[in-house]
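The next block is model14.tsv, given as TSV, C-alpha atoms.
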```
chain	number	residue	atom	x	y	z
A	1	MET	CA	92.81	-58.68	69.68
A	2	ASN	CA	95.47	-60.78	68.05
A	3	LYS	CA	94.31	-61.86	64.61
A	4	HIS	CA	97.46	-63.68	63.65
A	5	VAL	CA	97.32	-67.47	63.23
A	6	HIS	CA	100.15	-69.21	65.07
A	7	ILE	CA	100.62	-72.32	62.98
A	8	LYS	CA	103.41	-73.76	65.11
A	9	GLN	CA	101.41	-73.34	68.31
A	10	PHE	CA	98.35	-74.92	66.70
A	11	LEU	CA	100.38	-77.93	65.53
A	12	HIS	CA	101.91	-78.46	68.98
A	13	LEU	CA	98.47	-78.36	70.63
A	14	THR	CA	97.10	-80.82	68.08
A	15	LEU	CA	100.01	-83.19	68.65
A	16	ALA	CA	99.59	-82.92	72.43
A	17	HIS	CA	95.91	-83.86	72.22
A	18	LEU	CA	96.73	-86.75	69.89
A	19	LYS	CA	99.33	-88.12	72.31
A	20	GLU	CA	96.82	-87.81	75.14
A	21	VAL	CA	94.38	-90.01	73.24
A	22	MET	CA	97.08	-92.49	72.23
A	23	ARG	CA	98.00	-93.00	75.90
A	24	GLN	CA	94.51	-94.46	76.49
A	25	PRO	CA	94.39	-97.81	74.61
A	26	ALA	CA	90.92	-98.53	75.99
A	27	VAL	CA	89.50	-95.51	74.18
A	28	LEU	CA	91.08	-96.63	70.91
A	29	PHE	CA	89.76	-100.16	71.37
A	30	TRP	CA	86.15	-99.17	72.04
A	31	GLY	CA	86.19	-96.47	69.38
A	32	ILE	CA	87.90	-98.34	66.52
A	33	ILE	CA	88.24	-102.07	67.09
A	34	PHE	CA	84.95	-102.70	68.85
A	35	PRO	CA	82.73	-101.29	66.02
A	36	ILE	CA	84.62	-103.51	63.57
A	37	LEU	CA	83.92	-106.58	65.71
A	38	LEU	CA	80.29	-105.51	65.95
A	39	SER	CA	79.97	-105.22	62.18
A	40	ILE	CA	81.43	-108.71	61.80
A	41	GLY	CA	78.81	-110.10	64.18
A	42	LEU	CA	75.92	-108.46	62.34
A	43	GLY	CA	77.38	-109.54	59.04
A	44	MET	CA	77.27	-113.15	60.22
A	45	ALA	CA	73.53	-112.76	60.89
A	46	PHE	CA	72.40	-110.94	57.77
A	47	THR	CA	74.99	-111.28	55.02
A	48	ARG	CA	75.77	-114.96	54.87
A	49	GLU	CA	77.22	-116.21	51.64
A	50	GLY	CA	75.03	-118.45	49.56
A	51	ALA	CA	71.26	-118.75	49.44
A	52	THR	CA	68.67	-116.74	51.33
A	53	ILE	CA	67.35	-118.99	54.08
A	54	HIS	CA	63.69	-119.22	55.15
A	55	ASN	CA	62.61	-121.42	58.06
A	56	ILE	CA	59.13	-122.85	57.48
A	57	GLY	CA	56.82	-124.62	59.89
A	58	PHE	CA	55.19	-127.56	58.08
A	59	ILE	CA	51.91	-129.17	59.15
A	60	TYR	CA	50.78	-132.27	57.26
A	61	GLY	CA	47.52	-134.14	57.56
A	62	ASP	CA	45.36	-133.42	60.59
A	63	GLY	CA	47.93	-131.17	62.25
A	64	SER	CA	48.71	-133.60	65.07
A	65	GLY	CA	52.36	-133.66	64.08
A	66	ASP	CA	52.80	-137.37	64.77
A	67	GLY	CA	54.53	-137.87	61.43
A	68	THR	CA	52.56	-140.99	60.57
A	69	THR	CA	51.16	-139.58	57.32
A	70	LEU	CA	54.27	-137.76	56.15
A	71	THR	CA	56.30	-139.94	53.81
A	72	PRO	CA	59.06	-139.15	51.30
A	73	SER	CA	56.64	-139.92	48.47
A	74	ALA	CA	54.11	-137.44	49.88
A	75	ILE	CA	56.74	-134.72	50.04
A	76	GLU	CA	57.92	-135.47	46.51
A	77	THR	CA	54.33	-135.36	45.25
A	78	LEU	CA	53.68	-132.04	46.96
A	79	PHE	CA	56.81	-130.41	45.53
A	80	GLN	CA	56.88	-132.33	42.27
A	81	LYS	CA	56.84	-129.13	40.26
A	82	ALA	CA	59.82	-127.75	42.17
A	83	ALA	CA	61.71	-131.04	42.24
A	84	THR	CA	61.54	-131.45	38.47
A	85	ALA	CA	62.55	-127.84	37.74
A	86	GLN	CA	66.04	-127.23	36.50
A	87	GLY	CA	68.43	-126.35	39.29
A	88	HIS	CA	65.98	-126.95	42.16
A	89	GLU	CA	66.83	-129.61	44.71
A	90	LEU	CA	64.53	-131.34	47.19
A	91	THR	CA	66.35	-133.07	50.06
A	92	ILE	CA	64.44	-135.22	52.54
A	93	ILE	CA	66.36	-135.48	55.83
A	94	ASP	CA	63.81	-137.62	57.68
A	95	GLU	CA	60.07	-137.67	58.34
A	96	THR	CA	60.32	-134.51	60.44
A	97	ALA	CA	62.55	-132.28	58.30
A	98	PHE	CA	63.39	-131.61	54.66
A	99	THR	CA	64.86	-128.82	52.55
A	100	LEU	CA	64.07	-127.25	49.21
A	101	ALA	CA	66.79	-125.35	47.35
A	102	VAL	CA	65.43	-122.97	44.71
A	103	LYS	CA	67.76	-121.80	41.96
A	104	ASP	CA	67.43	-118.24	40.66
A	105	ASP	CA	70.26	-116.71	38.63
A	106	ARG	CA	68.72	-113.22	38.69
A	107	LEU	CA	67.59	-112.69	42.28
A	108	GLY	CA	69.76	-115.23	44.03
A	109	ASP	CA	69.14	-118.71	45.36
A	110	THR	CA	66.71	-119.50	48.17
A	111	LEU	CA	66.83	-122.35	50.68
A	112	PHE	CA	63.67	-123.39	52.52
A	113	LEU	CA	64.18	-125.34	55.73
A	114	PHE	CA	61.02	-127.24	56.68
A	115	GLU	CA	60.39	-128.67	60.13
A	116	THR	CA	57.22	-130.64	60.69
A	117	GLY	CA	55.15	-130.49	63.84
A	118	SER	CA	51.76	-129.91	65.34
A	119	TRP	CA	49.85	-126.67	65.08
A	120	ASP	CA	50.60	-125.74	68.70
A	121	LYS	CA	54.32	-126.40	68.30
A	122	SER	CA	54.49	-124.41	65.05
A	123	ILE	CA	52.65	-121.45	66.59
A	124	VAL	CA	55.07	-121.36	69.52
A	125	ARG	CA	58.04	-121.35	67.12
A	126	LEU	CA	56.36	-118.56	65.13
A	127	LYS	CA	55.87	-116.46	68.28
A	128	GLN	CA	59.51	-117.01	69.23
A	129	GLY	CA	60.63	-115.78	65.81
A	130	GLN	CA	62.20	-119.10	64.81
A	131	ILE	CA	59.93	-119.32	61.75
A	132	LYS	CA	58.09	-116.67	59.76
A	133	LEU	CA	55.50	-118.81	58.03
A	134	ILE	CA	53.44	-121.96	58.59
A	135	MET	CA	52.54	-124.15	55.63
A	136	GLU	CA	49.57	-126.44	56.32
A	137	VAL	CA	48.79	-129.25	53.88
A	138	THR	CA	45.56	-131.23	54.19
A	139	ASP	CA	43.38	-133.32	51.89
A	140	THR	CA	41.52	-130.16	50.85
A	141	GLY	CA	44.59	-128.19	49.86
A	142	THR	CA	47.33	-125.93	51.18
A	143	VAL	CA	47.05	-122.92	53.48
A	144	TYR	CA	49.86	-120.48	54.34
A	145	HIS	CA	49.62	-118.87	57.78
A	146	PHE	CA	51.64	-115.72	58.46
A	147	ASP	CA	51.42	-112.10	59.52
A	148	PRO	CA	50.78	-110.14	56.28
A	149	LEU	CA	52.57	-107.13	57.77
A	150	ASN	CA	55.79	-109.13	58.07
A	151	PRO	CA	57.82	-108.51	54.89
A	152	GLU	CA	60.04	-111.59	55.35
A	153	ALA	CA	56.98	-113.81	55.60
A	154	ARG	CA	55.44	-112.27	52.49
A	155	ILE	CA	58.65	-112.85	50.51
A	156	ALA	CA	58.84	-116.47	51.69
A	157	TRP	CA	55.20	-117.09	50.73
A	158	HIS	CA	55.60	-115.38	47.35
A	159	THR	CA	58.59	-117.61	46.51
A	160	LEU	CA	57.26	-120.84	47.97
A	161	SER	CA	53.59	-120.91	46.96
A	162	PRO	CA	54.12	-121.38	43.18
A	163	LEU	CA	56.34	-124.41	43.86
A	164	ALA	CA	53.80	-126.48	45.80
A	165	ALA	CA	51.18	-128.60	44.09
A	166	GLY	CA	47.56	-128.93	45.18
A	167	GLU	CA	44.43	-126.86	45.17
A	168	TYR	CA	43.98	-123.99	47.56
A	169	ALA	CA	42.25	-124.82	50.82
A	170	SER	CA	38.64	-123.78	51.20
A	171	VAL	CA	38.67	-123.46	54.97
A	172	SER	CA	40.07	-120.75	57.17
A	173	GLY	CA	43.42	-121.58	58.70
A	174	ASP	CA	42.86	-119.41	61.77
A	175	LYS	CA	42.56	-121.95	64.59
A	176	THR	CA	40.81	-119.38	66.76
A	177	ILE	CA	37.83	-119.31	64.36
A	178	PRO	CA	35.21	-122.09	64.59
A	179	GLU	CA	34.96	-124.41	61.58
A	180	THR	CA	31.46	-123.12	60.82
A	181	THR	CA	32.69	-119.59	60.29
A	182	PRO	CA	32.37	-118.62	56.61
A	183	VAL	CA	35.46	-117.62	54.66
A	184	SER	CA	35.46	-114.38	52.74
A	185	ASP	CA	37.58	-115.73	49.87
A	186	PRO	CA	37.32	-119.53	49.47
A	187	LYS	CA	40.05	-119.61	46.82
A	188	SER	CA	42.67	-117.87	48.88
A	189	ALA	CA	45.62	-119.94	50.07
A	190	VAL	CA	46.63	-117.28	52.62
A	191	SER	CA	45.22	-117.21	56.14
A	192	PRO	CA	46.40	-114.06	57.95
A	193	LEU	CA	47.23	-114.84	61.55
A	194	ALA	CA	45.04	-112.77	63.86
A	195	MET	CA	45.57	-114.63	67.13
A	196	PRO	CA	47.34	-112.80	69.97
A	197	GLY	CA	51.11	-113.03	70.00
A	198	THR	CA	51.70	-113.72	66.32
A	199	ARG	CA	52.27	-110.13	65.18
A	200	TYR	CA	55.67	-108.45	65.05
A	201	ILE	CA	54.57	-105.85	67.61
A	202	ASP	CA	53.84	-108.71	70.03
A	203	PHE	CA	57.39	-109.93	69.43
A	204	LEU	CA	58.88	-106.44	69.80
A	205	ILE	CA	57.33	-105.11	73.02
A	206	PRO	CA	58.94	-107.70	75.37
A	207	GLY	CA	62.28	-106.98	73.72
A	208	LEU	CA	61.88	-103.23	74.27
A	209	ILE	CA	60.97	-103.76	77.93
A	210	SER	CA	64.08	-105.89	78.46
A	211	MET	CA	66.34	-103.47	76.59
A	212	THR	CA	64.97	-100.55	78.66
A	213	VAL	CA	65.87	-102.40	81.86
A	214	MET	CA	69.41	-103.04	80.66
A	215	MET	CA	70.01	-99.50	79.38
A	216	SER	CA	68.55	-97.89	82.49
A	217	CYS	CA	70.69	-99.95	84.85
A	218	MET	CA	73.91	-99.69	82.87
A	219	TRP	CA	73.77	-95.97	82.16
A	220	GLY	CA	71.91	-94.91	85.29
A	221	ILE	CA	74.15	-96.82	87.70
A	222	SER	CA	77.46	-97.43	85.92
A	223	TYR	CA	77.96	-94.08	84.24
A	224	GLY	CA	76.56	-92.22	87.24
A	225	MET	CA	79.08	-93.78	89.62
A	226	ILE	CA	82.00	-93.35	87.22
A	227	ASP	CA	81.10	-89.69	86.88
A	228	LYS	CA	80.89	-89.31	90.68
A	229	ARG	CA	84.28	-90.98	91.07
A	230	SER	CA	85.87	-88.70	88.48
A	231	LYS	CA	84.51	-85.65	90.36
A	232	LYS	CA	85.78	-86.97	93.74
A	233	LEU	CA	82.23	-87.21	95.07
A	234	LEU	CA	82.57	-90.85	96.09
A	235	ARG	CA	85.67	-89.96	98.14
A	236	ARG	CA	83.61	-87.43	100.09
A	237	MET	CA	80.72	-89.83	100.62
A	238	VAL	CA	82.90	-92.67	101.90
A	239	ALA	CA	84.40	-90.24	104.44
A	240	THR	CA	81.00	-90.08	106.14
A	241	PRO	CA	79.70	-92.82	108.50
A	242	MET	CA	77.99	-94.54	105.56
A	243	VAL	CA	77.66	-98.28	105.02
A	244	LYS	CA	79.07	-98.82	101.54
A	245	SER	CA	76.78	-101.68	100.62
A	246	HIS	CA	73.76	-99.58	101.67
A	247	PHE	CA	74.78	-96.86	99.24
A	248	LEU	CA	74.94	-99.28	96.33
A	249	ALA	CA	71.76	-101.14	97.33
A	250	ALA	CA	69.82	-97.88	97.62
A	251	LEU	CA	71.05	-96.84	94.18
A	252	MET	CA	69.86	-100.14	92.75
A	253	LEU	CA	66.46	-99.88	94.46
A	254	VAL	CA	65.82	-96.44	92.98
A	255	ARG	CA	66.78	-97.69	89.53
A	256	ILE	CA	64.43	-100.70	89.83
A	257	PHE	CA	61.57	-98.38	90.84
A	258	ILE	CA	62.22	-96.17	87.80
A	259	ASN	CA	62.32	-99.24	85.53
A	260	ILE	CA	58.97	-100.42	86.89
A	261	VAL	CA	57.35	-97.07	86.12
A	262	GLU	CA	58.85	-96.96	82.61
A	263	SER	CA	57.84	-100.53	81.80
A	264	VAL	CA	54.29	-100.12	83.09
A	265	LEU	CA	53.83	-97.05	80.90
A	266	LEU	CA	55.24	-98.88	77.87
A	267	VAL	CA	52.92	-101.85	78.39
A	268	PHE	CA	49.93	-99.54	78.92
A	269	PHE	CA	50.48	-97.65	75.67
A	270	ALA	CA	51.22	-100.91	73.79
A	271	TRP	CA	47.87	-102.23	75.02
A	272	LEU	CA	46.06	-98.97	74.29
A	273	ILE	CA	47.43	-98.40	70.79
A	274	PHE	CA	48.33	-101.89	69.49
A	275	ASP	CA	46.13	-104.11	71.67
A	276	VAL	CA	49.15	-106.02	73.00
A	277	ALA	CA	48.01	-108.36	75.78
A	278	ILE	CA	49.77	-110.36	78.50
A	279	GLN	CA	48.66	-113.95	78.02
A	280	GLY	CA	50.65	-115.57	80.83
A	281	ARG	CA	50.65	-115.31	84.61
A	282	MET	CA	51.30	-111.89	86.09
A	283	GLU	CA	53.36	-113.29	88.96
A	284	ALA	CA	55.68	-114.93	86.42
A	285	LEU	CA	56.11	-111.60	84.61
A	286	VAL	CA	56.88	-109.75	87.87
A	287	THR	CA	59.38	-112.41	88.94
A	288	ILE	CA	61.35	-112.51	85.69
A	289	PHE	CA	61.24	-108.70	85.46
A	290	LEU	CA	62.67	-108.22	88.97
A	291	ALA	CA	65.28	-110.93	88.37
A	292	GLY	CA	66.38	-109.11	85.21
A	293	ASN	CA	66.67	-105.84	87.12
A	294	ILE	CA	68.80	-107.50	89.79
A	295	ALA	CA	71.03	-109.05	87.12
A	296	PHE	CA	71.77	-105.79	85.32
A	297	CYS	CA	72.10	-103.79	88.53
A	298	GLY	CA	74.77	-106.24	89.65
A	299	ILE	CA	76.53	-106.07	86.28
A	300	ALA	CA	76.36	-102.26	86.39
A	301	VAL	CA	78.04	-102.16	89.81
A	302	PHE	CA	80.79	-104.49	88.60
A	303	VAL	CA	81.45	-102.51	85.39
A	304	SER	CA	81.75	-99.22	87.31
A	305	SER	CA	83.81	-100.62	90.18
A	306	ARG	CA	87.27	-99.34	89.15
A	307	THR	CA	87.64	-96.69	86.46
A	308	ALA	CA	87.38	-92.93	87.02
A	309	ASN	CA	87.73	-92.07	83.33
A	310	THR	CA	84.33	-91.31	81.80
A	311	GLU	CA	85.54	-92.08	78.27
A	312	VAL	CA	86.79	-95.52	79.31
A	313	GLY	CA	83.61	-96.05	81.30
A	314	ASN	CA	81.52	-95.12	78.27
A	315	GLY	CA	83.37	-97.72	76.21
A	316	MET	CA	82.98	-100.40	78.88
A	317	ILE	CA	79.24	-99.79	79.14
A	318	ASN	CA	78.85	-99.94	75.37
A	319	ALA	CA	80.86	-103.15	75.34
A	320	VAL	CA	78.13	-104.69	77.50
A	321	VAL	CA	74.95	-103.16	76.06
A	322	MET	CA	75.66	-103.06	72.33
A	323	PRO	CA	76.46	-106.75	71.69
A	324	MET	CA	73.57	-107.92	73.86
A	325	THR	CA	71.15	-105.48	72.21
A	326	LEU	CA	72.02	-106.87	68.78
A	327	LEU	CA	72.46	-110.53	69.71
A	328	SER	CA	69.71	-111.19	72.24
A	329	GLY	CA	66.59	-111.11	70.09
A	330	VAL	CA	65.29	-107.63	70.90
A	331	PHE	CA	64.42	-106.60	67.33
A	332	PHE	CA	64.89	-109.89	65.46
A	333	SER	CA	65.28	-113.54	66.37
A	334	TYR	CA	68.79	-114.59	67.33
A	335	HIS	CA	68.19	-117.78	65.35
A	336	ASN	CA	69.40	-115.74	62.35
A	337	PHE	CA	72.92	-116.26	63.67
A	338	PRO	CA	74.95	-119.43	62.95
A	339	ASP	CA	73.80	-122.55	64.76
A	340	TRP	CA	77.02	-122.86	66.76
A	341	SER	CA	76.40	-119.46	68.40
A	342	ILE	CA	72.79	-120.07	69.52
A	343	PRO	CA	73.64	-121.97	72.77
A	344	VAL	CA	75.96	-119.11	73.77
A	345	ILE	CA	73.49	-116.34	72.91
A	346	GLU	CA	70.68	-118.05	74.80
A	347	LYS	CA	72.68	-117.73	78.05
A	348	LEU	CA	73.30	-113.98	77.73
A	349	PRO	CA	71.51	-112.05	80.52
A	350	LEU	CA	69.49	-109.95	78.07
A	351	ALA	CA	68.51	-113.03	76.04
A	352	LEU	CA	67.32	-114.76	79.22
A	353	LEU	CA	65.24	-111.72	80.12
A	354	VAL	CA	63.83	-111.22	76.62
A	355	ASP	CA	62.89	-114.88	76.21
A	356	GLY	CA	61.33	-115.00	79.67
A	357	ILE	CA	59.19	-111.87	79.27
A	358	ARG	CA	58.28	-112.81	75.70
A	359	SER	CA	57.12	-116.28	76.79
A	360	VAL	CA	54.77	-114.67	79.32
A	361	PHE	CA	53.44	-112.16	76.79
A	362	THR	CA	52.96	-114.44	73.78
A	363	GLU	CA	52.98	-118.05	74.99
A	364	GLY	CA	51.04	-117.83	78.24
A	365	ALA	CA	53.99	-118.98	80.38
A	366	GLY	CA	53.78	-119.21	84.16
A	367	LEU	CA	56.18	-119.44	87.08
A	368	VAL	CA	57.25	-122.97	86.23
A	369	GLU	CA	58.30	-122.07	82.68
A	370	THR	CA	60.14	-118.88	83.68
A	371	ALA	CA	61.71	-120.19	86.91
A	372	PRO	CA	65.04	-121.39	85.39
A	373	ALA	CA	65.68	-118.04	83.69
A	374	SER	CA	64.62	-116.09	86.80
A	375	ILE	CA	66.94	-118.09	89.07
A	376	LEU	CA	69.88	-117.74	86.69
A	377	LEU	CA	69.35	-113.97	86.32
A	378	PHE	CA	69.15	-113.59	90.11
A	379	LEU	CA	72.40	-115.51	90.59
A	380	ILE	CA	74.12	-113.43	87.89
A	381	GLY	CA	73.07	-110.22	89.62
A	382	VAL	CA	74.11	-111.32	93.10
A	383	GLY	CA	77.42	-112.72	91.84
A	384	PHE	CA	78.41	-109.55	89.97
A	385	PHE	CA	77.27	-107.33	92.86
A	386	ILE	CA	79.42	-109.21	95.39
A	387	ALA	CA	82.42	-109.20	93.03
A	388	GLY	CA	81.96	-105.51	92.26
A	389	LEU	CA	81.66	-104.61	95.96
A	390	LYS	CA	84.92	-106.41	96.77
A	391	ILE	CA	86.96	-104.55	94.14
A	392	PHE	CA	85.04	-101.26	94.27
A	393	LYS	CA	87.25	-98.20	94.17
A	394	TRP	CA	85.81	-95.27	96.11
A	395	HIS	CA	88.55	-92.77	95.26
```

Using structure tokens, write down the structure that the file contains.
Amino acid sequence: MNKHVHIKQFLHLTLAHLKEVMRQPAVLFWGIIFPILLSIGLGMAFTREGATIHNIGFIYGDGSGDGTTLTPSAIETLFQKAATAQGHELTIIDETAFTLAVKDDRLGDTLFLFETGSWDKSIVRLKQGQIKLIMEVTDTGTVYHFDPLNPEARIAWHTLSPLAAGEYASVSGDKTIPETTPVSDPKSAVSPLAMPGTRYIDFLIPGLISMTVMMSCMWGISYGMIDKRSKKLLRRMVATPMVKSHFLAALMLVRIFINIVESVLLVFFAWLIFDVAIQGRMEALVTIFLAGNIAFCGIAVFVSSRTANTEVGNGMINAVVMPMTLLSGVFFSYHNFPDWSIPVIEKLPLALLVDGIRSVFTEGAGLVETAPASILLFLIGVGFFIAGLKIFKWH
């Protein structure tokens, strides 16, 4: 056995491998440039310069949200303590929105963005992740409604509550509890939200279902076909009397069946362990779910239509799944991103699927509410499937 180390041979082999990688610009792009772009996107969502921003739902008076009792003088009276403090700034935009900038040299500044509305409107925005906390002001005092297990909501309440004037409310803020129900702590200004759909787990499960559909289709179909092409298996299959579209359609059908089984199991265990319930119509959930499967199956066929290089294919798949996973509201609301990007993010296939399934789970949506997203997802899937079939490379 030769124990000598051939330095020159080792250097030549290293250089040869390096040149091989350098000849594949796609690999360099997905491995170096793409993560940098991804970090910039996440930085825009979570490391903005300036104050920490909290979006607050504000209910004034009887909770009808008609705005007739909310006046600039009422807002100034409520936040008189904050408005007169050094460095704090109360800005009244109109009768439906105002801001409160809180100065803190040690922990950093905080900006509260208040949007008035009815109880029902505020609850919907809370379920969608647009706000973390609801502040209700009545003649009897102030009540803060939020999920106590949500750390962002607790921080917002801890910062905001000392700045508002008024006695604590002596009634429960949980709208699902009758007014005659006694309150355990009459002096408490916090009313933990116990109604279905307001917890973070209720927000998370629809996102996980949607992400599972995307990942299953993209990796199960795209990577599988790229791998078959690289091993010359597609060349052998196309040599048989096989209808090409049937092969792709059958592959998609199997993947949809697997996604149904996986999603049903996820929903079952979410119900069993966390008591997550589906509040909307089941036919709406089935429709939006199948439309999402069709969309990502079509995208998967298109992505895998040309390349036979598994490394390039891996990068192309990640280029689809990674941005949408982080941008589309799976783990956190995409309203954390700059306002100019929201209209674009809302039209992403995964965002359409997440919002549609989440509306059925937490808002009680039906076919009418989910129909636009379902139709758009179906058209996306059919369009990408037809385009992918036309340019598909079988060898």

Could you jot down the atom CA of A:Glu363 to atom CA of A:Ile201 separation for me, Å, one decimal place?
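The value is 14.3 Å.
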
Report the closest atom pair, with its distance in Å rounded to one decimal, for each residue of stretch 194-220 of chain A that has an atom no farther than 12 Å from stretch 102-123 of chain A; count only C-alpha atoms, sort by chain and then rising residue number, and write it as a Markdown table.
```
| residue | atom | partner | partner_atom | distance |
| --- | --- | --- | --- | --- |
| A:Ala194 | CA | A:Ile123 | CA | 11.9 |
| A:Met195 | CA | A:Ile123 | CA | 9.8 |
| A:Pro196 | CA | A:Ile123 | CA | 10.7 |
| A:Gly197 | CA | A:Ile123 | CA | 9.2 |
| A:Thr198 | CA | A:Ile123 | CA | 7.8 |
| A:Arg199 | CA | A:Ile123 | CA | 11.4 |
```

List the neighbours of A:Val213 out to 12 Å using only C-alpha atoms; skip same-chain residues closer than 5 positions along the sequence, and give me the result as a ChimeraX atom specification.
/A:206-208,218-221,252,255-264,266,288-297,300,321,325,349-350,353-354,357

Within 8 Å of A:Met316, counting all atoms listed in the file, which residues qualify if same-chain residues fewer than 3 places away don't, as a count of residues only?
6

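Using all atoms listed in the file, the shortest contact distance between A:Leu78 and any of A:Pro192, A:Gly57, A:Gly141, A:Gly298 is found at A:Gly141.
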
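In this comparison, which uses all atoms listed in the file, the residue of A:Thr362, A:Ser222, A:Gln279, A:Ser216 approaching A:Ile299 most closely is A:Ser222.
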
Distance atom CA of A:Lys244-atom CA of A:Met322, one decimal place?
29.7 Å

Atom CA of A:His17 and atom CA of A:Arg235 are how many Å apart?
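Pair atom CA of A:His17 / atom CA of A:Arg235 returns 28.5 Å.
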
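Here the question is which of A:Ala277, A:Leu251, A:Met282, A:Leu234 gets nearest to A:Trp394 using all atoms listed in the file, and that residue is A:Leu234.
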
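Using all atoms listed in the file for every distance, the candidate list A:Glu369, A:Glu283, A:Asp355, A:Asp227 yields A:Asp227 as the residue closest to A:Ala308.
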
Pick out the closest residue to A:Val360 from this set: A:Thr140, A:Gln128, A:Thr240, A:Gln9. Count all atoms listed in the file.
A:Gln128

Taking all atoms listed in the file into account, which of A:Asp202, A:Ile380, A:Glu152, A:Leu18 comes nearest A:Ala270?
A:Asp202

Would you pick out the contacts of A:Ala156 at 12 Å or less, using only C-alpha atoms, so that residues sharing its chain but fewer than 4 positions from it are not included, and give the list as a list in words?
Thr52, Ile53, His54, Asn55, Ile56, Gly57, Val102, Thr110, Leu111, Phe112, Leu113, Ile131, Lys132, Leu133, Ile134, Met135, Tyr144, His145, Phe146, Asp147, Pro148, Asn150, Pro151, Glu152, Leu160, Ser161, Pro162 and Leu163 of chain A

File dump, residues just selected, C-alpha atoms, as a PDB file, in the frame of the given file:
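Result file follows (result-v4.pdb):
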```pdb
ATOM      1  CA  THR A  52      68.670-116.740  51.330  1.00  0.00           C
ATOM      2  CA  ILE A  53      67.350-118.990  54.080  1.00  0.00           C
ATOM      3  CA  HIS A  54      63.690-119.220  55.150  1.00  0.00           C
ATOM      4  CA  ASN A  55      62.610-121.420  58.060  1.00  0.00           C
ATOM      5  CA  ILE A  56      59.130-122.850  57.480  1.00  0.00           C
ATOM      6  CA  GLY A  57      56.820-124.620  59.890  1.00  0.00           C
ATOM      7  CA  VAL A 102      65.430-122.970  44.710  1.00  0.00           C
ATOM      8  CA  THR A 110      66.710-119.500  48.170  1.00  0.00           C
ATOM      9  CA  LEU A 111      66.830-122.350  50.680  1.00  0.00           C
ATOM     10  CA  PHE A 112      63.670-123.390  52.520  1.00  0.00           C
ATOM     11  CA  LEU A 113      64.180-125.340  55.730  1.00  0.00           C
ATOM     12  CA  ILE A 131      59.930-119.320  61.750  1.00  0.00           C
ATOM     13  CA  LYS A 132      58.090-116.670  59.760  1.00  0.00           C
ATOM     14  CA  LEU A 133      55.500-118.810  58.030  1.00  0.00           C
ATOM     15  CA  ILE A 134      53.440-121.960  58.590  1.00  0.00           C
ATOM     16  CA  MET A 135      52.540-124.150  55.630  1.00  0.00           C
ATOM     17  CA  TYR A 144      49.860-120.480  54.340  1.00  0.00           C
ATOM     18  CA  HIS A 145      49.620-118.870  57.780  1.00  0.00           C
ATOM     19  CA  PHE A 146      51.640-115.720  58.460  1.00  0.00           C
ATOM     20  CA  ASP A 147      51.420-112.100  59.520  1.00  0.00           C
ATOM     21  CA  PRO A 148      50.780-110.140  56.280  1.00  0.00           C
ATOM     22  CA  ASN A 150      55.790-109.130  58.070  1.00  0.00           C
ATOM     23  CA  PRO A 151      57.820-108.510  54.890  1.00  0.00           C
ATOM     24  CA  GLU A 152      60.040-111.590  55.350  1.00  0.00           C
ATOM     25  CA  LEU A 160      57.260-120.840  47.970  1.00  0.00           C
ATOM     26  CA  SER A 161      53.590-120.910  46.960  1.00  0.00           C
ATOM     27  CA  PRO A 162      54.120-121.380  43.180  1.00  0.00           C
ATOM     28  CA  LEU A 163      56.340-124.410  43.860  1.00  0.00           C
TER      29      LEU A 163
END
```
